Amino acid sequence: MLAVLKKEIHTFFSSPIGYLVIAIFLILNGLFIWVFKGDFNIPDSGFADLSPFFIFTPWVLLFLIPAVTMRAFSEEKKQGTMELLLTKPISHFKIVMGKYLGALLLIVLALIPTLLYAISVNQLGNPVGNLDLGSTIGSYLGVLFLAASYVSIGVFSSTLSDNQVVCFIIAIFLCLIFYIGFEGISDFIPGTFVEKLGMNAHYKSMSRGIIDSRDVLYFLSVIILFIAFTTRRMNAHDRSKTLSWQIALLPIGLLVVNIFSDTLFTRYDLTEDKRYTLSEATTTIVDDIEMPLIVDVFLEGDGFPSEFKRLRSETNQMLEEFAALNNQVKFSFINPISDEATRANNIQQLSQRGLTPMQLSVQESGKTSQEVIFPWALASYEGVTVKIPLIKNKIGATQDELVSNSVQHLEYAFADAFNKLIHPKRRKIAVLKGNGQLENRYIADYVKTLRDYYFIAPFTLDSVATAPQRTLDSLATFDLIISAKPTKAFSEPEKLVLDQYTMKGGKSLWLVDAVAIEKDSLYNEEGKGLALARDLNLTDFFFKYGLRINPVLVNDLYSAPITLASGEGSQAQFNQLAWFYSPLINTQANTHPIVNNLNLIKLDFANQIDTLKNTLSKTVLLQSSLLSKVEGMPRIISLDLANKEPNPSDYSAGSQIMAVLLEGEFTSVYNNRVKPFKISEDKNTSIPTKMIVVADGDIVKNDVGRNGPMELGFDRWTGQTYGNKEFLLNAVNYLLDDDGLINLRSKEISIAFLDQQKIASDKSKWQLINILGPLALLGIFGFLFNYFRRKKYTS
């Protein structure tokens, strides 16, 4: 076998044809990957990875490998050396393996110079060295398995004729059928069985850096099958029924093994951030899908910037992971505005469903054009449909940051939507009333959002005065309570009910203002209002739990503007001025799942929180910027402050805490104290539970327009949408999450970008390196090969 292998190598490289074939392969890759504009161009893609190469290479190999293998046996037949080869003291199987391994080694030698692409991308990364080596290694393994399968088909094809051109055409046809043919047939046959008979379904997974035993077994099966067929062709004179039955049963046996491999397999995600490894919570949700779950993705169209092409690709790959886990997940990509005749109507219909379009600026050939896209998906299950946002907006983010944030959010976005569809609502939330909390219209949008996940009901504590035990028992049926900006003091009996609710394991979300001041109160002739400390009789309540809300206002240079009118009548103008009483909270440095990857959060007249030592775990969720100061009460707040230049030296108090998560076993506020009424089950220590306290009641307040409540976080004057609603939704989901789904929000996925400045200044240099460099390596190899070959035979 080794002699046959050496003969193949010597024959191939002893003539210029061998070098020419490999050179064409390298030139085609170099031009399409580095020079020609299109989807395969790495510098234009802006991303530091080799995925364009791994998508393009299978098509080049589809022609290269038949060109290499077409002469394997056909030339032996044509020259009449076939009989001589068969009479040698070596089995037919070893002859076939010698030919096969010889051709495969040639393809490996052709692929080695392409490693220069990986080195170049690594150097062009921002920062240098951000190429995901694990993913790249896994992808190269995928190419090797695909090439090995192509070679087995090519070697088999070379036994079918003594005409090399005929063998070349047959090999291309068979490779094409196995690569995408079955995928095309599967479009007309329900299920994924036919699609999995093709190579592309298995190569796509490996080309992303995922090594799955099912994919490896599939490629090995194809290789074994065609090597067996080739060996049988070599034994064409052997008419024994035993051999014929063995060859006939081999495909059936391999098919059965591949089918059963779905029940027992091993999977390795070689990517550095394990982006294709679904969390246990996601896996559980997807496993529970028992009926077809249809996902329509509208992120489709021509002319997308490279960043959004990447988002589409990552979305497709995420959905493929879901579909591989459960074949009940069906998905398709739809371009709703491709048809000019229905474009306007489709935009209107999608917008009415809440799927707002997004405008992109696309630069091409020095010209800038506007493209409309719908970065949304719709998931439908048993007649119920939910919308899934694919874009993770963040004020001030670049397109690179926008796509990075969106990719990081994908698994949670889809898993959360699937969870809403397949798992019925089971948790109950009580929205406290009776202590001057916000009216329903001001919390309407938040409550509407929560209703997609939970049962919501108002709950008043008024009955505590007459039936405290019954009130406590009723409150205990709820899993979570929300108190949105109470303005009236809580009585001691009410506090005991709330305390014992916590002792029984109840979760709570407190949105509290310790200072009485409203922005609306400033819109008077004087433009002034008096800010006073608000006594809610909760100081000892929160103090026992390990925090204190101080009756002070946090003034932050990093803040949202206020819109004020100047002039009168038709001459009136609206101006946006700095307003330091509306801090903008940036949670970028915080990796907790509640606040990770959030848009800026806007607060109004927020207070400062001190945390106190006790046994509870405390996590700071929101805090002001370093350029902050704290103002005591009472104080006159005037709109004239918006027209004054701040003195930066006054803003030296550092970050101020404004929201805290408490977790653990709470000690009762009334432990070792006289209780205002007797209760049937007095608890002094709670079971493990959670509480979130936010020192700003306006965080949950939505504006009310002419047509009713507006979206929470939307500023009608600036058009900006802040992250208030998502923060509060995450807070509730975290408090009530038993399966760990919310923890997906802290999953870090890094998108590796190229250094565009380096590409712009040195693009030609890197193009030459990656076109001429591989050819130079091929030339060096050819020189050394022929040098040592001549030296061997002359000596």
# chains A, B, ... in the order shown; residues from 1 in each chain; ligands from 1
>>> residues_around(residues="segment 173-175 of chain A", least_positions_apart="6", cutoff="9 Å", atoms="only C-alpha atoms", output="PyMOL selection string")
chain A and resi 62+66+149-150+153-154+157+181
>>> residues_around(residues="segment 352-360 of chain A", least_positions_apart="6", cutoff="10 Å", atoms="only C-alpha atoms", output="NGL selection string")
:A and (298 or 303-305 or 308 or 346 or 368-378 or 387-389 or 391 or 399)
>>> closest_residue(among="A:Val669, A:Leu600, A:Ile180, A:Ile637", to="Lys544 of chain A", atoms="only C-alpha atoms")
A:Val669
>>> atom_distance(atom1="atom CA of Ile17 of chain A", atom2="atom CA of Thr230 of chain A")
25.0 Å
>>> closest_residue(among="A:Tyr100, A:Tyr268, A:Tyr651, A:Phe40", to="Ile9 of chain A", atoms="only C-alpha atoms")
A:Tyr100
